[in-house]
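Source file: protein22.cif; contents: mmCIF, C-alpha atoms.
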data_final
#
loop_
_atom_site.label_atom_id
_atom_site.label_comp_id
_atom_site.auth_asym_id
_atom_site.auth_seq_id
_atom_site.Cartn_x
_atom_site.Cartn_y
_atom_site.Cartn_z
CA MET A 10 10.40 -26.56 10.96
CA THR A 11 10.62 -25.76 7.23
CA ARG A 12 11.54 -22.15 6.77
CA GLN A 13 9.29 -19.90 4.70
CA ARG A 14 11.26 -18.67 1.66
CA LEU A 15 10.60 -14.97 1.25
CA VAL A 16 11.09 -12.27 -1.38
CA ILE A 17 10.71 -8.62 -0.38
CA LEU A 18 9.84 -6.21 -3.18
CA GLY A 19 10.80 -2.73 -2.00
CA SER A 20 13.06 -3.89 0.81
CA THR A 21 14.63 -0.50 1.59
CA GLY A 22 11.31 1.28 2.19
CA SER A 23 9.52 1.51 5.53
CA ILE A 24 7.49 -1.67 4.98
CA GLY A 25 10.51 -3.56 3.69
CA THR A 26 12.73 -2.62 6.61
CA SER A 27 9.95 -3.40 9.10
CA THR A 28 9.52 -6.80 7.44
CA LEU A 29 13.20 -7.55 7.85
CA ASP A 30 12.96 -6.49 11.50
CA VAL A 31 10.20 -9.06 12.09
CA VAL A 32 12.08 -11.73 10.12
CA ALA A 33 15.22 -11.11 12.21
CA ARG A 34 13.24 -12.07 15.32
CA HIS A 35 12.43 -15.50 13.85
CA PRO A 36 15.45 -16.85 11.94
CA GLU A 37 14.12 -20.38 12.34
CA ARG A 38 10.91 -19.50 10.44
CA PHE A 39 12.09 -17.41 7.47
CA GLU A 40 14.73 -17.39 4.76
CA VAL A 41 15.22 -14.24 2.67
CA LEU A 42 15.69 -15.35 -0.95
CA GLY A 43 15.36 -12.01 -2.72
CA LEU A 44 15.43 -8.24 -2.17
CA SER A 45 14.71 -5.29 -4.43
CA ALA A 46 15.13 -1.52 -4.34
CA GLN A 47 14.58 1.33 -6.76
CA GLN A 48 17.27 3.84 -5.81
CA ARG A 49 18.68 3.26 -2.31
CA ILE A 50 21.66 1.21 -3.38
CA ASP A 51 23.74 1.79 -0.26
CA GLU A 52 20.89 0.52 1.92
CA LEU A 53 20.35 -2.46 -0.37
CA ILE A 54 24.05 -3.31 -0.19
CA ALA A 55 23.85 -3.32 3.61
CA GLN A 56 20.75 -5.54 3.50
CA CYS A 57 22.43 -7.99 1.15
CA LEU A 58 25.47 -8.20 3.39
CA ARG A 59 23.18 -8.93 6.35
CA TRP A 60 20.79 -11.41 4.67
CA ARG A 61 22.92 -12.86 1.83
CA PRO A 62 19.95 -13.32 -0.55
CA ARG A 63 20.08 -15.43 -3.68
CA TRP A 64 18.80 -12.50 -5.80
CA ALA A 65 18.80 -8.71 -5.71
CA VAL A 66 16.93 -6.56 -8.24
CA VAL A 67 17.37 -2.83 -8.91
CA ALA A 68 15.89 -0.35 -11.38
CA ASP A 69 18.55 -0.10 -14.08
CA ALA A 70 21.83 -1.45 -15.40
CA ASP A 71 23.99 1.30 -13.87
CA ARG A 72 22.72 0.64 -10.36
CA ALA A 73 22.99 -3.09 -10.96
CA GLY A 74 26.66 -2.64 -11.81
CA VAL A 75 27.32 -0.68 -8.63
CA LEU A 76 25.52 -3.27 -6.51
CA ARG A 77 27.20 -6.22 -8.22
CA ASP A 78 30.70 -4.78 -7.74
CA ALA A 79 30.02 -3.99 -4.08
CA LEU A 80 28.72 -7.46 -3.31
CA ARG A 81 31.55 -9.20 -5.15
CA ALA A 82 34.05 -7.12 -3.16
CA HIS A 83 32.57 -8.73 -0.04
CA GLY A 84 32.61 -12.22 -1.52
CA LEU A 85 28.84 -12.51 -2.05
CA SER A 86 27.51 -14.55 -4.96
CA THR A 87 24.08 -12.84 -5.00
CA GLU A 88 22.68 -12.72 -8.53
CA VAL A 89 22.04 -9.05 -9.40
CA THR A 90 19.51 -8.17 -12.12
CA HIS A 91 17.51 -5.09 -13.06
CA GLY A 92 14.25 -3.91 -14.54
CA PRO A 93 10.54 -4.77 -14.32
CA GLN A 94 10.85 -8.25 -15.82
CA ALA A 95 13.50 -9.22 -13.28
CA LEU A 96 11.07 -8.28 -10.50
CA CYS A 97 8.38 -10.46 -12.06
CA ASP A 98 10.77 -13.38 -12.53
CA MET A 99 11.89 -13.22 -8.90
CA ALA A 100 8.33 -12.92 -7.55
CA ALA A 101 7.16 -15.95 -9.56
CA HIS A 102 10.21 -18.20 -9.06
CA ALA A 103 9.37 -21.78 -8.12
CA ASP A 104 11.60 -21.69 -5.03
CA VAL A 105 9.73 -18.74 -3.50
CA ASP A 106 6.94 -19.34 -0.99
CA SER A 107 5.96 -15.79 -0.02
CA VAL A 108 6.23 -12.34 -1.58
CA MET A 109 6.06 -9.11 0.40
CA ALA A 110 4.79 -6.61 -2.17
CA ALA A 111 5.93 -3.23 -0.82
CA ILE A 112 6.80 -1.33 -4.00
CA VAL A 113 5.01 2.02 -3.99
CA GLY A 114 2.86 2.97 -6.95
CA ALA A 115 1.66 1.37 -10.17
CA ALA A 116 5.15 -0.08 -10.74
CA GLY A 117 4.25 -2.73 -8.19
CA LEU A 118 1.38 -4.16 -10.24
CA PRO A 119 3.32 -6.40 -12.70
CA PRO A 120 5.32 -8.33 -10.05
CA CYS A 121 2.19 -8.63 -7.90
CA LEU A 122 0.35 -10.15 -10.85
CA ALA A 123 3.29 -12.48 -11.51
CA ALA A 124 3.26 -13.68 -7.90
CA ALA A 125 -0.52 -14.14 -7.94
CA ARG A 126 -0.47 -16.15 -11.17
CA ALA A 127 2.30 -18.32 -9.72
CA GLY A 128 0.14 -19.14 -6.68
CA LYS A 129 2.34 -17.47 -4.08
CA ARG A 130 1.47 -16.38 -0.58
CA LEU A 131 1.19 -12.68 -1.44
CA LEU A 132 1.53 -10.13 1.35
CA LEU A 133 0.02 -7.05 -0.25
CA ALA A 134 1.34 -3.70 0.97
CA ASN A 135 1.07 -2.19 -2.52
CA LYS A 136 -2.49 -0.88 -2.62
CA GLU A 137 -2.05 0.32 -6.21
CA ALA A 138 -2.08 -3.30 -7.41
CA LEU A 139 -5.80 -3.35 -6.60
CA VAL A 140 -6.50 0.31 -7.34
CA VAL A 141 -5.01 -0.05 -10.82
CA GLY A 142 -5.57 -3.77 -11.42
CA GLY A 143 -8.94 -4.34 -9.73
CA ALA A 144 -10.78 -7.19 -11.39
CA LEU A 145 -7.73 -8.29 -13.39
CA PHE A 146 -5.67 -8.71 -10.22
CA MET A 147 -8.38 -10.59 -8.31
CA ARG A 148 -8.87 -12.96 -11.27
CA ALA A 149 -5.13 -13.69 -11.22
CA VAL A 150 -5.29 -14.47 -7.50
CA GLN A 151 -8.20 -16.85 -8.00
CA GLN A 152 -6.85 -18.55 -11.12
CA GLY A 153 -3.33 -18.91 -9.68
CA GLY A 154 -4.56 -20.22 -6.34
CA ALA A 155 -2.61 -17.53 -4.50
CA THR A 156 -3.14 -16.67 -0.84
CA LEU A 157 -3.77 -12.92 -0.62
CA LEU A 158 -2.99 -11.34 2.77
CA PRO A 159 -3.49 -7.58 3.25
CA ILE A 160 -0.69 -5.69 5.00
CA ASP A 161 -2.07 -2.14 5.16
CA SER A 162 -2.96 -1.71 8.82
CA GLU A 163 -6.60 -0.91 8.03
CA HIS A 164 -7.18 -3.86 5.71
CA SER A 165 -5.26 -6.21 7.98
CA ALA A 166 -7.58 -5.06 10.79
CA ILE A 167 -10.68 -5.88 8.71
CA PHE A 168 -9.16 -9.22 7.71
CA GLN A 169 -8.42 -10.09 11.35
CA CYS A 170 -12.03 -9.34 12.34
CA LEU A 171 -13.54 -11.60 9.66
CA PRO A 172 -13.99 -15.40 9.61
CA GLN A 173 -11.06 -17.23 8.03
CA GLN A 174 -13.44 -18.74 5.46
CA ARG A 175 -13.97 -16.14 2.73
CA SER A 176 -17.30 -17.76 1.87
CA GLN A 177 -18.67 -16.48 5.20
CA TRP A 178 -17.74 -12.83 4.67
CA ALA A 179 -20.86 -11.74 2.78
CA ASP A 180 -23.10 -13.16 5.51
CA THR A 181 -21.04 -11.37 8.19
CA ILE A 182 -20.54 -7.84 6.86
CA ASP A 183 -23.12 -5.06 6.91
CA HIS A 184 -20.40 -2.49 6.26
CA ILE A 185 -16.81 -1.75 7.22
CA VAL A 186 -15.34 1.36 8.82
CA LEU A 187 -11.82 2.36 7.83
CA THR A 188 -10.17 4.65 10.38
CA ALA A 189 -7.92 7.57 9.42
CA SER A 190 -5.65 9.64 11.64
CA GLY A 191 -6.50 12.85 9.82
CA GLY A 192 -2.82 13.52 9.21
CA PRO A 193 -1.05 16.80 9.97
CA PHE A 194 -3.87 19.06 8.70
CA ARG A 195 -6.84 17.63 10.56
CA GLN A 196 -7.51 20.93 12.32
CA ARG A 197 -6.00 23.35 9.84
CA ASP A 198 -8.12 25.99 8.12
CA PRO A 199 -8.87 24.61 4.62
CA ALA A 200 -8.39 28.10 3.18
CA SER A 201 -4.70 28.00 4.21
CA LEU A 202 -3.83 24.67 2.57
CA GLY A 203 -2.46 26.31 -0.55
CA GLN A 204 0.57 27.44 1.48
CA VAL A 205 1.47 23.95 2.74
CA THR A 206 5.11 22.94 2.15
CA PRO A 207 6.39 19.43 1.39
CA GLU A 208 8.05 19.37 4.81
CA GLU A 209 4.74 20.09 6.55
CA ALA A 210 2.89 17.52 4.47
CA CYS A 211 5.44 14.82 5.29
CA ALA A 212 5.30 15.42 9.07
CA HIS A 213 2.75 12.75 10.02
CA PRO A 214 1.74 12.84 13.70
CA ASN A 215 1.57 9.05 14.22
CA TRP A 216 3.33 7.10 11.49
CA VAL A 217 6.84 7.13 10.00
CA MET A 218 6.43 6.67 6.24
CA GLY A 219 7.97 7.53 2.89
CA ARG A 220 7.43 10.97 1.37
CA LYS A 221 4.84 10.00 -1.23
CA ILE A 222 2.63 8.04 1.16
CA SER A 223 3.02 10.81 3.77
CA VAL A 224 1.61 13.36 1.32
CA ASP A 225 -1.19 10.94 0.44
CA SER A 226 -1.98 10.65 4.15
CA ALA A 227 -2.07 14.45 4.48
CA THR A 228 -4.50 14.84 1.56
CA MET A 229 -6.40 11.66 2.56
CA MET A 230 -5.76 10.24 -0.91
CA ASN A 231 -4.14 7.35 0.92
CA LYS A 232 -7.52 6.64 2.51
CA ALA A 233 -9.25 7.08 -0.85
CA LEU A 234 -6.99 4.40 -2.31
CA GLU A 235 -7.74 2.19 0.70
CA VAL A 236 -11.48 2.54 0.05
CA ILE A 237 -10.89 1.29 -3.49
CA GLU A 238 -8.62 -1.49 -2.26
CA ALA A 239 -11.22 -2.59 0.30
CA ARG A 240 -13.86 -2.85 -2.42
CA TRP A 241 -11.80 -5.55 -4.13
CA LEU A 242 -10.26 -7.27 -1.10
CA PHE A 243 -13.59 -7.86 0.61
CA ASP A 244 -15.95 -7.86 -2.43
CA LEU A 245 -17.97 -4.89 -1.17
CA GLN A 246 -20.21 -2.31 -2.75
CA PRO A 247 -18.99 1.32 -2.46
CA GLU A 248 -21.76 2.18 -0.01
CA GLN A 249 -20.57 -0.60 2.32
CA ILE A 250 -17.26 1.22 2.92
CA ARG A 251 -17.14 4.12 5.37
CA VAL A 252 -14.34 6.26 6.76
CA VAL A 253 -14.04 7.94 10.15
CA ILE A 254 -11.28 10.15 11.56
CA HIS A 255 -9.65 8.54 14.61
CA PRO A 256 -6.67 10.73 15.59
CA GLN A 257 -5.12 8.27 18.06
CA SER A 258 -4.61 5.50 15.44
CA ILE A 259 -5.33 2.82 18.05
CA ILE A 260 -8.41 1.26 16.44
CA HIS A 261 -7.13 0.32 13.00
CA SER A 262 -10.53 -0.42 11.45
CA MET A 263 -13.86 -2.07 12.22
CA VAL A 264 -16.42 -4.49 10.81
CA ALA A 265 -20.06 -3.67 11.43
CA CYS A 266 -21.81 -7.04 11.34
CA ARG A 267 -25.29 -7.83 10.10
CA ASP A 268 -26.47 -8.50 13.68
CA GLY A 269 -25.54 -5.00 14.83
CA CYS A 270 -22.28 -5.96 16.56
CA VAL A 271 -19.09 -4.09 15.69
CA LEU A 272 -15.71 -5.87 15.72
CA ALA A 273 -12.59 -3.74 16.00
CA GLN A 274 -8.86 -4.52 15.89
CA LEU A 275 -6.65 -2.42 18.17
CA GLY A 276 -2.92 -1.98 18.45
CA THR A 277 -0.12 0.56 18.66
CA PRO A 278 0.61 2.44 15.40
CA ASP A 279 3.42 0.10 14.31
CA MET A 280 3.41 -1.65 10.93
CA ARG A 281 5.26 -4.63 12.38
CA GLY A 282 1.91 -5.80 13.81
CA PRO A 283 0.11 -6.38 10.48
CA ILE A 284 3.38 -7.51 8.86
CA SER A 285 3.94 -10.22 11.45
CA TYR A 286 0.33 -11.38 11.10
CA GLY A 287 0.70 -11.66 7.34
CA LEU A 288 3.98 -13.53 7.63
CA SER A 289 2.66 -16.03 10.17
CA PHE A 290 -1.06 -16.34 9.26
CA PRO A 291 -3.04 -18.16 10.58
CA GLN A 292 -0.69 -18.20 13.57
CA ARG A 293 0.68 -15.20 15.47
CA ILE A 294 4.31 -14.46 16.26
CA GLU A 295 6.25 -11.80 18.15
CA SER A 296 6.38 -8.61 16.08
CA GLY A 297 8.43 -6.24 18.21
CA ALA A 298 5.53 -3.77 18.39
CA ALA A 299 4.84 -2.18 21.77
CA ARG A 300 1.83 -3.48 23.70
CA LEU A 301 -1.16 -1.28 24.39
CA ASP A 302 -1.25 0.05 27.92
CA PHE A 303 -4.95 0.74 28.41
CA PRO A 304 -4.75 2.71 31.69
CA SER A 305 -2.34 5.17 30.05
CA LEU A 306 -4.37 5.63 26.85
CA ALA A 307 -6.02 8.96 26.18
CA ALA A 308 -9.65 8.97 25.15
CA LEU A 309 -10.39 7.31 21.81
CA THR A 310 -12.18 9.90 19.70
CA PHE A 311 -13.86 9.93 16.31
CA GLU A 312 -14.72 12.68 13.85
CA GLU A 313 -16.40 12.92 10.48
CA ALA A 314 -14.04 13.45 7.54
CA ASP A 315 -14.54 17.05 6.38
CA GLU A 316 -14.99 17.16 2.59
CA ARG A 317 -13.71 20.76 2.43
CA ARG A 318 -10.44 19.79 4.11
CA PHE A 319 -10.13 16.32 2.53
CA PRO A 320 -11.82 16.44 -0.90
CA ALA A 321 -9.45 13.73 -2.14
CA LEU A 322 -11.19 11.13 0.01
CA TYR A 323 -14.45 11.58 -1.82
CA LEU A 324 -12.86 10.92 -5.20
CA SER A 325 -12.67 7.24 -4.20
CA TRP A 326 -16.43 6.70 -4.26
CA ALA A 327 -16.76 8.81 -7.41
CA ALA A 328 -14.12 6.69 -9.17
CA LEU A 329 -15.70 3.42 -8.01
CA ARG A 330 -19.05 4.52 -9.42
CA GLY A 331 -17.49 5.82 -12.65
CA PRO A 332 -16.53 3.88 -15.79
CA GLU A 333 -14.34 0.85 -15.15
CA GLY A 334 -10.75 2.02 -15.16
CA SER A 335 -11.51 5.32 -13.42
CA THR A 336 -9.55 4.17 -10.37
CA THR A 337 -6.54 3.53 -12.63
CA VAL A 338 -6.80 7.09 -13.91
CA LEU A 339 -7.12 8.49 -10.38
CA ASN A 340 -4.02 6.68 -9.14
CA ALA A 341 -1.93 7.76 -12.14
CA ALA A 342 -2.94 11.39 -11.80
CA ASN A 343 -2.19 11.39 -8.10
CA GLU A 344 1.31 9.96 -8.56
CA VAL A 345 2.09 12.72 -11.06
CA ALA A 346 0.56 15.47 -8.92
CA VAL A 347 2.26 14.38 -5.68
CA ALA A 348 5.65 14.10 -7.39
CA ALA A 349 5.22 17.62 -8.76
CA PHE A 350 4.30 18.94 -5.30
CA LEU A 351 7.29 17.28 -3.65
CA GLU A 352 9.50 18.86 -6.32
CA ARG A 353 7.86 22.25 -5.53
CA ARG A 354 6.47 22.58 -9.05
CA VAL A 355 2.81 22.90 -7.96
CA ALA A 356 1.04 24.00 -4.79
CA TYR A 357 -0.43 21.55 -2.30
CA ASP A 358 -4.03 22.36 -3.20
CA ALA A 359 -3.26 21.75 -6.88
CA ILE A 360 -2.95 18.01 -6.16
CA HIS A 361 -6.72 17.60 -5.80
CA ALA A 362 -7.47 19.84 -8.78
CA ILE A 363 -5.15 17.82 -11.03
CA ASN A 364 -6.64 14.53 -9.83
CA SER A 365 -10.22 15.69 -10.28
CA ASP A 366 -9.62 17.23 -13.70
CA THR A 367 -7.79 14.12 -14.93
CA ILE A 368 -10.69 11.85 -13.94
CA ALA A 369 -13.04 14.16 -15.84
CA GLY A 370 -10.73 14.40 -18.85
CA VAL A 371 -9.58 10.80 -19.30
CA LEU A 372 -12.57 8.52 -19.80
CA PRO A 373 -11.53 4.87 -20.20
CA GLY A 374 -13.35 2.67 -22.66
CA PRO A 375 -14.08 -1.06 -22.25
CA ALA A 376 -11.46 -1.98 -24.86
CA GLU A 377 -8.73 -0.50 -22.62
CA LEU A 378 -9.26 -2.97 -19.77
CA GLN A 379 -8.68 -6.45 -21.14
CA SER A 380 -5.07 -7.04 -20.09
CA LEU A 381 -2.15 -5.71 -18.07
CA ASP A 382 -0.84 -3.94 -21.17
CA ASP A 383 -4.22 -2.24 -21.57
CA LEU A 384 -4.15 -1.03 -17.97
CA LEU A 385 -0.58 0.23 -18.29
CA ALA A 386 -1.51 2.07 -21.48
CA LEU A 387 -4.44 3.72 -19.71
CA ASP A 388 -2.11 4.57 -16.82
CA ALA A 389 0.32 6.20 -19.26
CA ARG A 390 -2.48 8.19 -20.94
CA ALA A 391 -3.66 9.50 -17.58
CA ARG A 392 -0.11 10.41 -16.54
CA ALA A 393 0.41 12.38 -19.75
CA TYR A 394 -2.85 14.25 -19.21
CA ALA A 395 -1.97 15.02 -15.57
CA GLY A 396 1.50 16.10 -16.65
CA ARG A 397 -0.03 18.73 -18.94
CA LEU A 398 -2.15 19.99 -16.06
CA VAL A 399 0.98 20.24 -13.90
CA GLN A 400 2.57 22.49 -16.54
CA GLU A 401 -0.52 24.71 -16.56
CA ARG A 402 -0.38 25.08 -12.75
CA ARG A 403 3.37 25.32 -12.44
CA LEU A 404 4.54 27.66 -9.67
#

Using structure tokens, write down the structure from this file.
Amino acid sequence: MTRQRLVILGSTGSIGTSTLDVVARHPERFEVLGLSAQQRIDELIAQCLRWRPRWAVVADADRAGVLRDALRAHGLSTEVTHGPQALCDMAAHADVDSVMAAIVGAAGLPPCLAAARAGKRLLLANKEALVVGGALFMRAVQQGGATLLPIDSEHSAIFQCLPQQRSQWADTIDHIVLTASGGPFRQRDPASLGQVTPEEACAHPNWVMGRKISVDSATMMNKALEVIEARWLFDLQPEQIRVVIHPQSIIHSMVACRDGCVLAQLGTPDMRGPISYGLSFPQRIESGAARLDFPSLAALTFEEADERRFPALYLSWAALRGPEGSTTVLNAANEVAVAAFLERRVAYDAIHAINSDTIAGVLPGPAELQSLDDLLALDARARAYAGRLVQERRL
């Protein structure tokens, strides 16, 4: 068996480490060619010692020096580079078969585009690539002949419920239903949300995730971004995408078919399930995830998403119906607002206000959307605007 040669962008995050856990279960199937991390150099050093990759990429020259010295001290010849272009070069390298795109935020868009244009098997765990890139990203996938496989548990669930032939999707789908756990504040009085601390927001009841994505799950912005991502992944109209609260996180999402049937994908809340499916598609391999034990399951319940408690969710449909580029603005504002909240510079309920006001205040024009540079410039303009709003609301 020829081993699949893999690069993991964001290897020290929760998706990256879960990917390596799955890969470790199948050494005959996978070879790790490259790893990258932003700041967790000690963890990246340990991963390099374990996997002995050909390349390792970090954020800047100082961290690259630390990593290079550590690896040389252990006799490793791993090539250490740094910066955005190094990520793109690694993702597009001719020797790479598959790219796990697990970098959080808009920073993941350039290497995702590079992998798509190079025709890679692209395992997309970076939803911002589609939220920010949208049409540009999907054109790159089509023109490069890339294989795009969604890794978010909800989008993987939809993908698993659909025919393998994309041409049959439009004739199958009436609408899709993305499920959401509701996060830690599902039953909290909306009037009390202004007092939420970063520690409370990061305490997700079902999933173990990074701090930024945990806050997004608490506000439901994570689900808003998934609505936008689903629009592009499955070529849907905004009204064909619905969201329902499902606190148990057992049904990961559903496809409501044109004939009235509903197809659902179920599993334990463990990201190794969708990761293993993406790595092995169209086959299935052992993931390490626990099996569902139906007799021991509690009731599976569903609730409507309360707009007063989760106003962020409803920004997704507003952005999709707004001027092209509005989703880019929304994502940029949210990254700024969440970072400010985690640093205790603004209150929890200020996140939504900053996002909403930035969408209203930064109106993209058609000339801003012709290239990656245009999108990144719009992203920067939105971040600057949101940054000013942070200063106005500073605690």

Problem - Protein, DNA and RNA residues within 12 Å of (-0.9, 21.5, -14.1), all atoms listed in the file, as number ranges by chain - result: A: 342-343, 345-350, 354-367, 392-404

Practice task
Could you please give me, as a PyMOL selection string, the residues of protein, DNA or RNA lying at most 12 Å from (5.1, 7.5, 0.3) in the coordinate frame of the file, considering all atoms listed in the file?
Solution key: chain A and resi 19+22-24+111-114+134-136+210-213+216-227+230-231+343-344+347-348+351

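Remark: for Leu329 of chain A, the closest of the candidate residues A:Pro256, A:Gly143, A:Gly276, A:Gly153 is A:Gly143 (distances computed over all atoms listed in the file).
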
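Considering only C-alpha atoms, the residue among A:Thr28, A:Gln173, A:Thr188, A:Thr181 positioned nearest to Ala265 of chain A is A:Thr181.
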
Practice task
May I ask which of the residues A:Phe146, A:Pro93, A:Arg77, A:Val140 is the closest one to Cys121 of chain A, counting only C-alpha atoms?
Solution key: A:Phe146

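Computed from the coordinates, the atom CA of Arg14 of chain A to atom CA of Met280 of chain A distance equals 20.9 Å.
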
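When the distance limit is 7 Å and all atoms listed in the file are what count, the residues near segment 368-375 of chain A, minus those fewer than 6 positions from it on the same chain, are A:Pro332, A:Gly334, A:Ser335, A:Val338, A:Leu339, A:Ala391.
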
Handout entry: Picked residues, the PyMOL selection byres ((chain A and resi 65) around 8), expected as a PyMOL selection string
Key = chain A and resi 43-45+57+62-64+66-67+87-90

Practice task
Calculate how many Å separate atom CA of Gly287 of chain A from atom CA of Glu52 of chain A, rounding to one decimal.
Solution key: 24.2 Å

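This file gives the following result for the PyMOL selection byres ((chain A and resi 75) around 12): Gln48, Arg49, Ile50, Asp51, Leu53, Ile54, Val66, Val67, Ala68, Asp69, Ala70, Asp71, Arg72, Ala73, Gly74, Leu76, Arg77, Asp78, Ala79, Leu80, Arg81, Ala82, Val89, Thr90 and His91 of chain A.
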
Problem - Residues within 7 Å of Ile185 of chain A, all atoms listed in the file, excluding chain neighbours under 2 positions, as number ranges by chain - result: A: 187, 249-251, 263-265

Compile the contact shell of segment 155-166 of chain A as a PDB file with C-alpha atoms, keeping the file's coordinate frame: residues with an atom at most 9 Å away, counting all atoms listed in the file, same-chain residues fewer than 5 positions apart removed.
ATOM      1  CA  MET A 109       6.060  -9.110   0.400  1.00  0.00           C
ATOM      2  CA  ALA A 124       3.260 -13.680  -7.900  1.00  0.00           C
ATOM      3  CA  ALA A 125      -0.520 -14.140  -7.940  1.00  0.00           C
ATOM      4  CA  ARG A 126      -0.470 -16.150 -11.170  1.00  0.00           C
ATOM      5  CA  ALA A 127       2.300 -18.320  -9.720  1.00  0.00           C
ATOM      6  CA  GLY A 128       0.140 -19.140  -6.680  1.00  0.00           C
ATOM      7  CA  LYS A 129       2.340 -17.470  -4.080  1.00  0.00           C
ATOM      8  CA  ARG A 130       1.470 -16.380  -0.580  1.00  0.00           C
ATOM      9  CA  LEU A 131       1.190 -12.680  -1.440  1.00  0.00           C
ATOM     10  CA  LEU A 132       1.530 -10.130   1.350  1.00  0.00           C
ATOM     11  CA  LEU A 133       0.020  -7.050  -0.250  1.00  0.00           C
ATOM     12  CA  ALA A 134       1.340  -3.700   0.970  1.00  0.00           C
ATOM     13  CA  ASN A 135       1.070  -2.190  -2.520  1.00  0.00           C
ATOM     14  CA  LYS A 136      -2.490  -0.880  -2.620  1.00  0.00           C
ATOM     15  CA  ALA A 149      -5.130 -13.690 -11.220  1.00  0.00           C
ATOM     16  CA  VAL A 150      -5.290 -14.470  -7.500  1.00  0.00           C
ATOM     17  CA  LEU A 171     -13.540 -11.600   9.660  1.00  0.00           C
ATOM     18  CA  LEU A 187     -11.820   2.360   7.830  1.00  0.00           C
ATOM     19  CA  THR A 188     -10.170   4.650  10.380  1.00  0.00           C
ATOM     20  CA  ALA A 189      -7.920   7.570   9.420  1.00  0.00           C
ATOM     21  CA  GLU A 235      -7.740   2.190   0.700  1.00  0.00           C
ATOM     22  CA  GLU A 238      -8.620  -1.490  -2.260  1.00  0.00           C
ATOM     23  CA  ALA A 239     -11.220  -2.590   0.300  1.00  0.00           C
ATOM     24  CA  LEU A 242     -10.260  -7.270  -1.100  1.00  0.00           C
ATOM     25  CA  ILE A 260      -8.410   1.260  16.440  1.00  0.00           C
ATOM     26  CA  HIS A 261      -7.130   0.320  13.000  1.00  0.00           C
ATOM     27  CA  SER A 262     -10.530  -0.420  11.450  1.00  0.00           C
ATOM     28  CA  MET A 263     -13.860  -2.070  12.220  1.00  0.00           C
ATOM     29  CA  VAL A 264     -16.420  -4.490  10.810  1.00  0.00           C
ATOM     30  CA  ALA A 273     -12.590  -3.740  16.000  1.00  0.00           C
ATOM     31  CA  GLN A 274      -8.860  -4.520  15.890  1.00  0.00           C
ATOM     32  CA  LEU A 275      -6.650  -2.420  18.170  1.00  0.00           C
ATOM     33  CA  PRO A 278       0.610   2.440  15.400  1.00  0.00           C
ATOM     34  CA  ASP A 279       3.420   0.100  14.310  1.00  0.00           C
ATOM     35  CA  MET A 280       3.410  -1.650  10.930  1.00  0.00           C
ATOM     36  CA  GLY A 282       1.910  -5.800  13.810  1.00  0.00           C
ATOM     37  CA  PRO A 283       0.110  -6.380  10.480  1.00  0.00           C
ATOM     38  CA  ILE A 284       3.380  -7.510   8.860  1.00  0.00           C
ATOM     39  CA  TYR A 286       0.330 -11.380  11.100  1.00  0.00           C
ATOM     40  CA  GLY A 287       0.700 -11.660   7.340  1.00  0.00           C
ATOM     41  CA  LEU A 288       3.980 -13.530   7.630  1.00  0.00           C
ATOM     42  CA  PHE A 290      -1.060 -16.340   9.260  1.00  0.00           C
TER      43      PHE A 290
END

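For the pair atom CA of Thr11 of chain A and atom CA of Ser289 of chain A, the interatomic distance is 12.9 Å.
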
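Here the question is which of A:Glu208, A:Asp183, A:Glu295, A:Glu248 gets nearest to His35 of chain A using all atoms listed in the file, and that residue is A:Glu295.
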
Practice task
For the file shown, report as number ranges by chain the outcome of the PyMOL selection byres ((chain A and resi 381) around 9) at residue level.
Solution key: A: 118-119, 122, 142, 145, 378-380, 382-386

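The closest residue to Val41 of chain A, picked from A:Ala55, A:Val108, A:Val186, A:Gly297 and counting only C-alpha atoms, is A:Val108.
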